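**Q** One file: model-v9.pdb (PDB, C-alpha atoms, pLDDT in the B column).
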```
ATOM      1  CA  MET O   1       0.000   0.000   0.000  1.00 52.00           C
ATOM      2  CA  ALA O   2       1.377   3.438  -0.934  1.00 70.00           C
ATOM      3  CA  VAL O   3       2.423   5.896   1.762  1.00 66.00           C
ATOM      4  CA  ASP O   4      -0.400   8.287   0.819  1.00 73.00           C
ATOM      5  CA  ASP O   5      -2.950   5.452   0.972  1.00 88.00           C
ATOM      6  CA  THR O   6      -1.732   4.510   4.440  1.00 91.00           C
ATOM      7  CA  ARG O   7      -1.996   8.117   5.614  1.00 93.00           C
ATOM      8  CA  GLU O   8      -5.525   8.420   4.195  1.00 94.00           C
ATOM      9  CA  LYS O   9      -6.583   5.142   5.814  1.00 95.00           C
ATOM     10  CA  ILE O  10      -5.282   6.341   9.194  1.00 96.00           C
ATOM     11  CA  LEU O  11      -7.084   9.681   8.805  1.00 96.00           C
ATOM     12  CA  SER O  12     -10.320   7.961   7.824  1.00 96.00           C
ATOM     13  CA  VAL O  13     -10.258   5.618  10.804  1.00 96.00           C
ATOM     14  CA  ALA O  14      -9.200   8.407  13.178  1.00 96.00           C
ATOM     15  CA  ASP O  15     -12.020  10.618  11.906  1.00 95.00           C
ATOM     16  CA  LYS O  16     -14.591   7.925  12.672  1.00 96.00           C
ATOM     17  CA  LEU O  17     -13.173   7.021  16.095  1.00 96.00           C
ATOM     18  CA  PHE O  18     -12.615  10.603  17.252  1.00 94.00           C
ATOM     19  CA  GLY O  19     -16.092  11.474  15.979  1.00 92.00           C
ATOM     20  CA  ARG O  20     -17.700   8.599  17.829  1.00 93.00           C
ATOM     21  CA  PHE O  21     -15.726   8.483  21.089  1.00 92.00           C
ATOM     22  CA  GLY O  22     -14.067  11.903  21.254  1.00 89.00           C
ATOM     23  CA  PHE O  23     -10.443  12.892  21.512  1.00 90.00           C
ATOM     24  CA  HIS O  24      -9.973  11.819  25.129  1.00 88.00           C
ATOM     25  CA  LYS O  25     -11.393   8.314  24.770  1.00 93.00           C
ATOM     26  CA  THR O  26      -9.682   7.420  21.500  1.00 94.00           C
ATOM     27  CA  SER O  27      -6.193   5.959  21.669  1.00 95.00           C
ATOM     28  CA  MET O  28      -3.514   5.589  19.035  1.00 96.00           C
ATOM     29  CA  ASP O  29      -3.595   1.836  19.769  1.00 96.00           C
ATOM     30  CA  GLU O  30      -7.288   1.685  18.800  1.00 96.00           C
ATOM     31  CA  ILE O  31      -6.694   3.680  15.643  1.00 96.00           C
ATOM     32  CA  ALA O  32      -3.804   1.407  14.631  1.00 95.00           C
ATOM     33  CA  LYS O  33      -5.846  -1.713  15.344  1.00 95.00           C
ATOM     34  CA  ILE O  34      -8.920  -0.628  13.357  1.00 96.00           C
ATOM     35  CA  ALA O  35      -6.775   0.739  10.496  1.00 95.00           C
ATOM     36  CA  ARG O  36      -4.834  -2.547  10.517  1.00 94.00           C
ATOM     37  CA  LYS O  37      -1.561  -0.646  10.689  1.00 93.00           C
ATOM     38  CA  ALA O  38       1.381  -0.945  13.006  1.00 92.00           C
ATOM     39  CA  LYS O  39       1.388   1.737  15.676  1.00 92.00           C
ATOM     40  CA  GLY O  40       4.760   2.850  14.309  1.00 92.00           C
ATOM     41  CA  SER O  41       3.040   3.598  11.010  1.00 90.00           C
ATOM     42  CA  LEU O  42       0.778   6.088  12.783  1.00 92.00           C
ATOM     43  CA  TYR O  43       3.796   7.817  14.308  1.00 94.00           C
ATOM     44  CA  TYR O  44       5.544   7.823  10.947  1.00 94.00           C
ATOM     45  CA  HIS O  45       2.719   9.972   9.553  1.00 94.00           C
ATOM     46  CA  PHE O  46       1.682  11.865  12.690  1.00 94.00           C
ATOM     47  CA  THR O  47       3.978  12.885  15.540  1.00 94.00           C
ATOM     48  CA  SER O  48       1.277  12.519  18.190  1.00 93.00           C
ATOM     49  CA  LYS O  49      -2.397  11.939  18.842  1.00 93.00           C
ATOM     50  CA  GLU O  50      -2.784  15.734  18.953  1.00 91.00           C
ATOM     51  CA  ASP O  51      -1.147  16.034  15.521  1.00 93.00           C
ATOM     52  CA  LEU O  52      -3.506  13.397  14.104  1.00 95.00           C
ATOM     53  CA  PHE O  53      -6.575  15.049  15.642  1.00 94.00           C
ATOM     54  CA  ARG O  54      -5.494  18.460  14.340  1.00 92.00           C
ATOM     55  CA  GLU O  55      -5.268  16.942  10.839  1.00 94.00           C
ATOM     56  CA  VAL O  56      -8.739  15.386  11.138  1.00 95.00           C
ATOM     57  CA  VAL O  57     -10.253  18.706  12.234  1.00 93.00           C
ATOM     58  CA  SER O  58      -8.313  20.447   9.475  1.00 94.00           C
ATOM     59  CA  TYR O  59     -10.066  18.236   6.899  1.00 95.00           C
ATOM     60  CA  GLU O  60     -13.445  19.187   8.355  1.00 95.00           C
ATOM     61  CA  ILE O  61     -12.561  22.875   8.138  1.00 95.00           C
ATOM     62  CA  LEU O  62     -11.234  22.509   4.575  1.00 96.00           C
ATOM     63  CA  ASN O  63     -14.490  20.801   3.599  1.00 96.00           C
ATOM     64  CA  LEU O  64     -16.425  23.697   5.120  1.00 97.00           C
ATOM     65  CA  GLU O  65     -14.276  26.261   3.303  1.00 97.00           C
ATOM     66  CA  LYS O  66     -14.697  24.431  -0.002  1.00 98.00           C
ATOM     67  CA  HIS O  67     -18.497  24.474   0.226  1.00 98.00           C
ATOM     68  CA  LEU O  68     -18.691  28.063   1.443  1.00 98.00           C
ATOM     69  CA  SER O  69     -16.321  29.298  -1.283  1.00 98.00           C
ATOM     70  CA  VAL O  70     -18.729  28.013  -3.921  1.00 98.00           C
ATOM     71  CA  ILE O  71     -21.434  30.242  -2.446  1.00 98.00           C
ATOM     72  CA  VAL O  72     -19.192  33.310  -2.189  1.00 98.00           C
ATOM     73  CA  LEU O  73     -18.069  32.922  -5.809  1.00 97.00           C
ATOM     74  CA  ASP O  74     -21.572  32.269  -7.195  1.00 97.00           C
ATOM     75  CA  SER O  75     -22.184  35.126  -9.629  1.00 95.00           C
ATOM     76  CA  LYS O  76     -25.873  34.231  -9.936  1.00 97.00           C
ATOM     77  CA  LEU O  77     -26.634  35.202  -6.324  1.00 97.00           C
ATOM     78  CA  ASN O  78     -26.970  38.728  -5.023  1.00 95.00           C
ATOM     79  CA  ALA O  79     -25.118  39.643  -1.819  1.00 95.00           C
ATOM     80  CA  SER O  80     -28.158  39.225   0.416  1.00 92.00           C
ATOM     81  CA  ASP O  81     -28.859  35.737  -0.899  1.00 93.00           C
ATOM     82  CA  LYS O  82     -25.160  34.835  -0.672  1.00 95.00           C
ATOM     83  CA  LEU O  83     -25.036  35.874   2.957  1.00 94.00           C
ATOM     84  CA  LYS O  84     -28.187  33.926   3.826  1.00 91.00           C
ATOM     85  CA  LYS O  85     -27.052  30.841   1.934  1.00 94.00           C
ATOM     86  CA  TYR O  86     -23.540  31.092   3.401  1.00 95.00           C
ATOM     87  CA  LEU O  87     -24.773  31.249   6.993  1.00 92.00           C
ATOM     88  CA  VAL O  88     -27.303  28.436   6.581  1.00 91.00           C
ATOM     89  CA  LYS O  89     -24.785  26.199   4.776  1.00 94.00           C
ATOM     90  CA  ARG O  90     -22.129  26.959   7.399  1.00 94.00           C
ATOM     91  CA  MET O  91     -24.319  25.651  10.188  1.00 92.00           C
ATOM     92  CA  ALA O  92     -25.517  22.650   8.158  1.00 93.00           C
ATOM     93  CA  ILE O  93     -21.963  21.505   7.440  1.00 94.00           C
ATOM     94  CA  LEU O  94     -20.795  22.119  10.986  1.00 92.00           C
ATOM     95  CA  SER O  95     -23.728  20.102  12.317  1.00 91.00           C
ATOM     96  CA  ASP O  96     -22.020  17.005  10.849  1.00 91.00           C
ATOM     97  CA  ALA O  97     -18.470  17.974  11.876  1.00 92.00           C
ATOM     98  CA  ALA O  98     -18.226  15.861  15.045  1.00 89.00           C
ATOM     99  CA  ASN O  99     -14.528  16.489  15.564  1.00 89.00           C
ATOM    100  CA  TYR O 100     -14.982  20.241  15.239  1.00 88.00           C
ATOM    101  CA  HIS O 101     -17.656  19.920  17.945  1.00 86.00           C
ATOM    102  CA  GLU O 102     -15.061  18.344  20.220  1.00 84.00           C
ATOM    103  CA  THR O 103     -12.954  21.522  19.978  1.00 81.00           C
ATOM    104  CA  LEU O 104     -15.888  23.579  21.291  1.00 81.00           C
ATOM    105  CA  ARG O 105     -15.928  21.845  24.658  1.00 77.00           C
ATOM    106  CA  ALA O 106     -14.550  23.995  27.499  1.00 64.00           C
ATOM    107  CA  ASP O 107     -12.498  21.147  28.990  1.00 66.00           C
ATOM    108  CA  PHE O 108     -10.857  20.623  25.602  1.00 68.00           C
ATOM    109  CA  PHE O 109      -9.457  24.147  25.522  1.00 62.00           C
ATOM    110  CA  GLU O 110      -8.419  24.057  29.161  1.00 63.00           C
ATOM    111  CA  HIS O 111      -6.032  21.194  28.450  1.00 59.00           C
ATOM    112  CA  PHE O 112      -5.316  21.284  24.720  1.00 68.00           C
ATOM    113  CA  ASN O 113      -4.522  24.493  22.896  1.00 74.00           C
ATOM    114  CA  PHE O 114      -2.941  22.776  19.892  1.00 73.00           C
ATOM    115  CA  ILE O 115      -6.083  23.425  17.859  1.00 79.00           C
ATOM    116  CA  ASP O 116      -5.976  27.227  18.344  1.00 79.00           C
ATOM    117  CA  GLY O 117      -4.025  27.813  15.130  1.00 83.00           C
ATOM    118  CA  LEU O 118      -6.623  26.016  13.007  1.00 84.00           C
ATOM    119  CA  ARG O 119      -9.492  27.938  14.525  1.00 84.00           C
ATOM    120  CA  SER O 120      -7.628  31.246  14.133  1.00 88.00           C
ATOM    121  CA  GLU O 121      -6.874  30.510  10.476  1.00 92.00           C
ATOM    122  CA  PHE O 122     -10.520  29.650   9.866  1.00 93.00           C
ATOM    123  CA  ASP O 123     -11.661  32.854  11.607  1.00 93.00           C
ATOM    124  CA  PHE O 124      -9.352  34.898   9.358  1.00 95.00           C
ATOM    125  CA  TRP O 125     -10.570  33.064   6.245  1.00 97.00           C
ATOM    126  CA  GLU O 126     -14.210  33.458   7.251  1.00 97.00           C
ATOM    127  CA  LYS O 127     -13.859  37.185   7.923  1.00 97.00           C
ATOM    128  CA  GLU O 128     -12.434  37.629   4.441  1.00 98.00           C
ATOM    129  CA  MET O 129     -15.319  35.704   2.857  1.00 98.00           C
ATOM    130  CA  LEU O 130     -17.912  37.688   4.795  1.00 97.00           C
ATOM    131  CA  ARG O 131     -16.093  40.940   3.992  1.00 97.00           C
ATOM    132  CA  ARG O 132     -16.258  40.030   0.320  1.00 98.00           C
ATOM    133  CA  ILE O 133     -20.000  39.376   0.450  1.00 97.00           C
ATOM    134  CA  ILE O 134     -20.752  42.545   2.409  1.00 96.00           C
ATOM    135  CA  MET O 135     -18.561  44.727   0.169  1.00 97.00           C
ATOM    136  CA  GLU O 136     -20.290  43.249  -2.880  1.00 97.00           C
ATOM    137  CA  GLY O 137     -23.613  44.236  -1.325  1.00 95.00           C
ATOM    138  CA  VAL O 138     -22.397  47.749  -0.510  1.00 95.00           C
ATOM    139  CA  GLU O 139     -20.966  48.250  -4.001  1.00 96.00           C
ATOM    140  CA  GLY O 140     -24.202  46.991  -5.550  1.00 94.00           C
ATOM    141  CA  LYS O 141     -26.186  49.381  -3.300  1.00 94.00           C
ATOM    142  CA  GLU O 142     -27.925  46.376  -1.767  1.00 92.00           C
ATOM    143  CA  PHE O 143     -26.365  47.015   1.670  1.00 93.00           C
ATOM    144  CA  ALA O 144     -25.814  50.331   3.405  1.00 92.00           C
ATOM    145  CA  PRO O 145     -22.192  51.510   3.660  1.00 93.00           C
ATOM    146  CA  VAL O 146     -20.457  49.993   6.662  1.00 91.00           C
ATOM    147  CA  GLU O 147     -18.771  52.464   8.985  1.00 92.00           C
ATOM    148  CA  ASN O 148     -16.364  50.014  10.610  1.00 95.00           C
ATOM    149  CA  MET O 149     -16.119  46.760   8.655  1.00 96.00           C
ATOM    150  CA  ASP O 150     -13.613  45.134  11.033  1.00 96.00           C
ATOM    151  CA  VAL O 151     -15.910  45.613  14.021  1.00 96.00           C
ATOM    152  CA  LEU O 152     -18.921  44.340  12.063  1.00 93.00           C
ATOM    153  CA  LEU O 153     -16.986  41.224  11.023  1.00 95.00           C
ATOM    154  CA  GLU O 154     -15.776  40.571  14.582  1.00 95.00           C
ATOM    155  CA  LEU O 155     -19.341  40.836  15.869  1.00 92.00           C
ATOM    156  CA  LEU O 156     -20.681  38.590  13.122  1.00 91.00           C
ATOM    157  CA  ILE O 157     -18.059  35.940  13.936  1.00 93.00           C
ATOM    158  CA  MET O 158     -18.943  36.227  17.643  1.00 92.00           C
ATOM    159  CA  VAL O 159     -22.623  35.673  16.853  1.00 89.00           C
ATOM    160  CA  LEU O 160     -21.841  32.642  14.685  1.00 89.00           C
ATOM    161  CA  LYS O 161     -19.546  31.122  17.299  1.00 88.00           C
ATOM    162  CA  GLY O 162     -22.085  31.910  19.999  1.00 87.00           C
ATOM    163  CA  LEU O 163     -24.604  29.714  18.187  1.00 87.00           C
ATOM    164  CA  GLU O 164     -22.216  26.768  17.871  1.00 88.00           C
ATOM    165  CA  ILE O 165     -22.312  25.592  21.506  1.00 86.00           C
ATOM    166  CA  PRO O 166     -26.103  25.458  21.886  1.00 89.00           C
ATOM    167  CA  PHE O 167     -26.572  24.070  18.381  1.00 89.00           C
ATOM    168  CA  PHE O 168     -23.926  21.386  18.405  1.00 86.00           C
ATOM    169  CA  LEU O 169     -23.106  20.589  22.026  1.00 83.00           C
ATOM    170  CA  GLN O 170     -26.599  20.995  23.444  1.00 87.00           C
ATOM    171  CA  ASP O 171     -28.231  19.306  20.437  1.00 86.00           C
ATOM    172  CA  LYS O 172     -30.507  22.217  19.548  1.00 89.00           C
ATOM    173  CA  TYR O 173     -29.512  22.409  15.885  1.00 89.00           C
ATOM    174  CA  VAL O 174     -32.301  20.148  14.589  1.00 89.00           C
ATOM    175  CA  ASN O 175     -34.943  22.133  16.501  1.00 91.00           C
ATOM    176  CA  TYR O 176     -33.788  25.514  15.230  1.00 88.00           C
ATOM    177  CA  ALA O 177     -32.506  24.717  11.722  1.00 87.00           C
ATOM    178  CA  PRO O 178     -35.960  25.190  10.155  1.00 88.00           C
ATOM    179  CA  HIS O 179     -35.943  28.781  11.482  1.00 85.00           C
ATOM    180  CA  PHE O 180     -32.550  29.825  10.072  1.00 82.00           C
ATOM    181  CA  GLU O 181     -34.057  31.482   7.019  1.00 81.00           C
ATOM    182  CA  GLY O 182     -36.016  33.868   9.261  1.00 83.00           C
ATOM    183  CA  LEU O 183     -32.940  34.631  11.348  1.00 81.00           C
ATOM    184  CA  MET O 184     -30.890  35.272   8.231  1.00 79.00           C
ATOM    185  CA  ARG O 185     -33.599  37.546   6.824  1.00 79.00           C
ATOM    186  CA  ILE O 186     -33.382  39.666   9.978  1.00 81.00           C
ATOM    187  CA  LEU O 187     -29.612  39.835   9.667  1.00 78.00           C
ATOM    188  CA  THR O 188     -29.597  40.814   5.997  1.00 77.00           C
ATOM    189  CA  ARG O 189     -32.355  43.404   6.547  1.00 78.00           C
ATOM    190  CA  GLY O 190     -30.103  45.015   9.135  1.00 76.00           C
ATOM    191  CA  LEU O 191     -27.450  45.471   6.442  1.00 79.00           C
ATOM    192  CA  SER O 192     -29.885  46.617   3.746  1.00 77.00           C
ATOM    193  CA  VAL O 193     -30.100  50.139   2.440  1.00 68.00           C
TER     194      VAL O 193
END
```
Using the file provided, produce a representation of the structure as structure tokens.
**A**
Amino acid sequence: MAVDDTREKILSVADKLFGRFGFHKTSMDEIAKIARKAKGSLYYHFTSKEDLFREVVSYEILNLEKHLSVIVLDSKLNASDKLKKYLVKRMAILSDAANYHETLRADFFEHFNFIDGLRSEFDFWEKEMLRRIIMEGVEGKEFAPVENMDVLLELLIMVLKGLEIPFFLQDKYVNYAPHFEGLMRILTRGLSV
């Protein structure tokens, strides 16, 4: 089996085990056993369990970015529709990102800060995507001019992150998902001219 195939197999198994049992309850021994790889093979590809978990979460974030980029680049949508679709899609994809959910837990951050870089990179990327949508709306006279874009983006990110814990850790996503369109309408009306 090629080196890349081995790495992908390990990542696939780790994704499933971390997603099912969480970071704390998943061991490198279990991953090696289920992947049918020697434990040394895991450490050849990943320096530690933290490194492997970071890579698994990174794949979830890259998947999210890929899907959201399609919306941002869609020339058929106006800025208001892009923003609504972006926010709804963001939450829908994150609802299935079990390993990302693990990083939201308070006890995770108290003991493991190795994931901070990934989350910071995603925040930066997301601000740029939202900035692009909002500027498109301002330039198209769909949204009112924004006095302080950086503050608006920080607040928008805070709101989105504030929804993640109740939605994904307290299992409220399914109950509230049908109402996202209304919430997004309120948000986009607030930006409208």
**Q** Between O:Glu126, O:Ile10, O:Asp116, O:Ile133, which residue has the minimum interatomic distance to Met158 in chain O, considering all atoms listed in the file?
**A** O:Glu126
**Q** Of the candidates O:Tyr100, O:Phe46, O:Phe167, O:Tyr86, which one gets nearest to Arg132 in chain O if we count all atoms listed in the file?
**A**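 Of all the options, O:Tyr86 lies closest to Arg132 in chain O.
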**Q** Which is closest to Glu60 in chain O among O:Leu73, O:Leu87, O:Leu153, O:Leu11, if we use all atoms listed in the file?
**A**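 Ranked by minimum distance to Glu60 in chain O, first place goes to O:Leu11.
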**Q** Grab the CA of Glu154 in chain O to CA of Ala97 in chain O distance for me, in Å with one decimal place.
**A**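 One can read the CA of Glu154 in chain O to CA of Ala97 in chain O distance as 22.9 Å.
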**Q** The centre and edge lengths of an axis-aligned box containing all atoms of range 114-118 of chain O present in the file, extended by 4 Å on each side, are to be given in Å to one decimal, as JSON.
**A**
```
{"center_x": -4.8, "center_y": 25.3, "center_z": 16.4, "size_x": 11.7, "size_y": 13.0, "size_z": 14.9}
```
**Q** One decimal, in Å: what's the spacing between CA of Leu77 in chain O and CA of Leu160 in chain O?
**A** 21.7 Å
**Q** Nearest to Ser58 in chain O: which of O:Lys127, O:Thr103, O:Glu142, O:Val13 is it, counting all atoms listed in the file?
**A**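 Using all atoms listed in the file, the shortest distance to Ser58 in chain O belongs to O:Thr103.
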**Q** Report, in Å with one decimal, the straight-line distance from CA of Arg90 in chain O to CA of Gln170 in chain O.
**A**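 Here the two named atoms are 17.7 Å from each other.
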